[in-house]
Amino acid sequence: MKELATIDQAIDELLVQLGGIVLRLSRPEVTKHPDERCALVRSVNQYSVCAARSNDRRVQELKADLEETIKPRLRLVASR
């Protein structure tokens with residue numbers, strides 16, 4: 001049982017590191033082109049799948065932050 005907890009903790013640490021990398025890549029100045037944005041969406045979706053079973057608060061917070069980055073950006077358009 002102790003071995004499983006150690007493995008689980010190691011996976012959580014990797015997910016935290018990976019989530020940080022993907023979060024840095026999610027900045028608009030990094031993902032400028034549509035193909036980059038598409039790759040980001042795939043990465044966030046894959047991260048979410050991997051993080052879904054984690055009980056680590058940091059992993060869940062990164063998951064939520066990353067999912068926010070791929071939501072469509074709304075623009076306010078004023079018409080007269």
# chains A, B, ... in the order shown; residues from 1 in each chain; ligands from 1
call {"tool": "select_by_dssp", "arguments": {"residues": "chain A", "states": "alpha helix (DSSP H)", "output": "PyMOL selection string"}}
result
chain A and resi 2-25+34-51+57-69
call {"tool": "residues_around", "arguments": {"residues": "Ala64 of chain A", "least_positions_apart": "3", "cutoff": "12 Å", "atoms": "only C-alpha atoms", "output": "PyMOL selection string"}}
result
chain A and resi 19+23+44-45+47-48+51-52+57-61+67-71
call {"tool": "write_last_selection", "arguments": {"atoms": "all heavy atoms", "output": "CSV table (one decimal), in the first residue's frame"}}
result
chain,number,residue,atom,x,y,z
A,19,GLY,N,1.4,20.7,-15.7
A,19,GLY,CA,0.3,21.7,-15.7
A,19,GLY,C,0.9,23.1,-15.7
A,19,GLY,O,0.4,24.0,-16.4
A,23,LEU,N,0.3,25.7,-18.7
A,23,LEU,CA,-0.2,27.1,-18.3
A,23,LEU,C,0.6,28.2,-18.9
A,23,LEU,O,0.1,29.2,-19.4
A,23,LEU,CB,-0.3,27.2,-16.8
A,23,LEU,CG,-1.2,28.3,-16.3
A,23,LEU,CD1,-2.6,28.3,-16.8
A,23,LEU,CD2,-1.2,28.3,-14.7
A,44,VAL,N,-4.6,20.7,-23.0
A,44,VAL,CA,-5.4,21.0,-21.8
A,44,VAL,C,-6.4,19.8,-21.6
A,44,VAL,O,-6.6,19.4,-20.5
A,44,VAL,CB,-6.2,22.3,-21.9
A,44,VAL,CG1,-7.2,22.5,-20.8
A,44,VAL,CG2,-5.2,23.5,-21.9
A,45,ASN,N,-7.0,19.4,-22.7
A,45,ASN,CA,-8.0,18.3,-22.6
A,45,ASN,C,-7.3,17.0,-22.1
A,45,ASN,O,-7.8,16.3,-21.2
A,45,ASN,CB,-8.7,18.0,-23.9
A,45,ASN,CG,-9.7,19.1,-24.2
A,45,ASN,OD1,-10.2,19.8,-23.3
A,45,ASN,ND2,-10.0,19.3,-25.5
A,47,TYR,N,-4.5,16.9,-20.3
A,47,TYR,CA,-4.2,17.1,-18.9
A,47,TYR,C,-5.4,16.9,-18.0
A,47,TYR,O,-5.3,16.3,-16.9
A,47,TYR,CB,-3.7,18.5,-18.7
A,47,TYR,CG,-3.2,18.8,-17.3
A,47,TYR,CD1,-1.9,18.5,-16.8
A,47,TYR,CD2,-4.1,19.3,-16.3
A,47,TYR,CE1,-1.6,18.7,-15.5
A,47,TYR,CE2,-3.7,19.6,-15.0
A,47,TYR,CZ,-2.5,19.3,-14.6
A,47,TYR,OH,-2.1,19.5,-13.3
A,48,SER,N,-6.5,17.4,-18.4
A,48,SER,CA,-7.8,17.2,-17.6
A,48,SER,C,-8.1,15.8,-17.4
A,48,SER,O,-8.6,15.4,-16.3
A,48,SER,CB,-8.9,18.0,-18.3
A,48,SER,OG,-8.7,19.3,-18.3
A,51,ALA,N,-5.7,14.4,-14.8
A,51,ALA,CA,-5.8,15.0,-13.5
A,51,ALA,C,-7.2,14.7,-12.9
A,51,ALA,O,-7.3,14.9,-11.7
A,51,ALA,CB,-5.7,16.5,-13.6
A,52,ALA,N,-8.1,14.1,-13.6
A,52,ALA,CA,-9.4,13.9,-13.1
A,52,ALA,C,-9.5,13.0,-11.9
A,52,ALA,O,-10.3,13.2,-11.0
A,52,ALA,CB,-10.3,13.3,-14.2
A,57,ARG,N,-4.8,18.9,-4.4
A,57,ARG,CA,-5.4,20.2,-4.6
A,57,ARG,C,-4.7,21.0,-5.7
A,57,ARG,O,-5.4,21.7,-6.5
A,57,ARG,CB,-5.4,21.0,-3.2
A,57,ARG,CG,-5.9,22.4,-3.3
A,57,ARG,CD,-5.7,23.2,-2.0
A,57,ARG,NE,-4.3,23.1,-1.5
A,57,ARG,CZ,-3.3,23.8,-2.0
A,57,ARG,NH1,-3.5,24.7,-2.9
A,57,ARG,NH2,-2.1,23.7,-1.5
A,58,ARG,N,-3.4,21.0,-5.7
A,58,ARG,CA,-2.7,21.7,-6.7
A,58,ARG,C,-3.0,21.3,-8.1
A,58,ARG,O,-3.2,22.1,-9.0
A,58,ARG,CB,-1.2,21.6,-6.5
A,58,ARG,CG,-0.7,22.1,-5.1
A,58,ARG,CD,0.7,21.7,-4.9
A,58,ARG,NE,0.9,20.2,-4.9
A,58,ARG,CZ,2.0,19.5,-5.1
A,58,ARG,NH1,3.1,20.2,-5.2
A,58,ARG,NH2,2.0,18.2,-5.1
A,59,VAL,N,-3.1,20.0,-8.3
A,59,VAL,CA,-3.5,19.4,-9.6
A,59,VAL,C,-4.9,19.9,-10.0
A,59,VAL,O,-5.1,20.3,-11.2
A,59,VAL,CB,-3.4,17.9,-9.6
A,59,VAL,CG1,-3.9,17.3,-10.9
A,59,VAL,CG2,-2.0,17.4,-9.3
A,60,GLN,N,-5.8,19.8,-9.1
A,60,GLN,CA,-7.2,20.3,-9.4
A,60,GLN,C,-7.3,21.8,-9.7
A,60,GLN,O,-8.0,22.2,-10.6
A,60,GLN,CB,-8.1,19.9,-8.2
A,60,GLN,CG,-8.3,18.4,-8.0
A,60,GLN,CD,-8.7,17.7,-9.3
A,60,GLN,OE1,-9.6,18.1,-10.0
A,60,GLN,NE2,-8.0,16.6,-9.6
A,61,GLU,N,-6.5,22.6,-9.0
A,61,GLU,CA,-6.5,24.0,-9.3
A,61,GLU,C,-5.9,24.3,-10.7
A,61,GLU,O,-6.4,25.1,-11.4
A,61,GLU,CB,-5.7,24.7,-8.2
A,61,GLU,CG,-6.4,24.8,-6.9
A,61,GLU,CD,-5.5,25.5,-5.8
A,61,GLU,OE1,-4.4,25.9,-6.0
A,61,GLU,OE2,-6.0,25.6,-4.6
A,67,GLU,N,-8.5,24.8,-17.9
A,67,GLU,CA,-9.8,24.7,-18.6
A,67,GLU,C,-10.3,26.1,-18.8
A,67,GLU,O,-11.0,26.4,-19.9
A,67,GLU,CB,-10.8,23.9,-17.8
A,67,GLU,CG,-10.4,22.4,-17.8
A,67,GLU,CD,-11.2,21.5,-16.9
A,67,GLU,OE1,-11.9,22.1,-16.0
A,67,GLU,OE2,-11.2,20.3,-17.1
A,68,GLU,N,-10.0,27.1,-18.0
A,68,GLU,CA,-10.4,28.5,-18.2
A,68,GLU,C,-9.7,29.1,-19.4
A,68,GLU,O,-10.3,29.9,-20.1
A,68,GLU,CB,-10.2,29.3,-17.0
A,68,GLU,CG,-11.2,29.2,-15.8
A,68,GLU,CD,-12.6,29.6,-16.2
A,68,GLU,OE1,-12.7,30.7,-16.8
A,68,GLU,OE2,-13.5,28.9,-15.9
A,69,THR,N,-8.5,28.7,-19.6
A,69,THR,CA,-7.7,29.3,-20.7
A,69,THR,C,-8.2,28.9,-22.1
A,69,THR,O,-8.0,29.6,-23.1
A,69,THR,CB,-6.2,28.9,-20.7
A,69,THR,OG1,-6.1,27.5,-20.9
A,69,THR,CG2,-5.6,29.3,-19.3
A,70,ILE,N,-9.0,27.8,-22.2
A,70,ILE,CA,-9.4,27.4,-23.5
A,70,ILE,C,-10.9,27.8,-23.8
A,70,ILE,O,-11.4,27.5,-24.9
A,70,ILE,CB,-9.2,25.9,-23.8
A,70,ILE,CG1,-10.0,25.0,-22.8
A,70,ILE,CG2,-7.8,25.5,-23.8
A,70,ILE,CD1,-10.0,23.6,-23.1
A,71,LYS,N,-11.5,28.4,-22.8
A,71,LYS,CA,-12.9,28.9,-23.1
A,71,LYS,C,-12.8,30.1,-24.1
A,71,LYS,O,-11.8,30.9,-24.0
A,71,LYS,CB,-13.5,29.4,-21.8
A,71,LYS,CG,-13.9,28.3,-20.9
A,71,LYS,CD,-14.6,28.8,-19.7
A,71,LYS,CE,-15.0,27.6,-18.8
A,71,LYS,NZ,-15.7,28.1,-17.6
call {"tool": "atom_distance", "arguments": {"atom1": "atom CA of Val16 of chain A", "atom2": "atom CA of Ser54 of chain A"}}
result
10.7 Å
call {"tool": "atom_distance", "arguments": {"atom1": "atom CA of Val30 of chain A", "atom2": "atom CA of Gln46 of chain A"}}
result
19.2 Å
call {"tool": "atom_distance", "arguments": {"atom1": "atom CA of Cys50 of chain A", "atom2": "atom CA of Leu15 of chain A"}}
result
8.0 Å
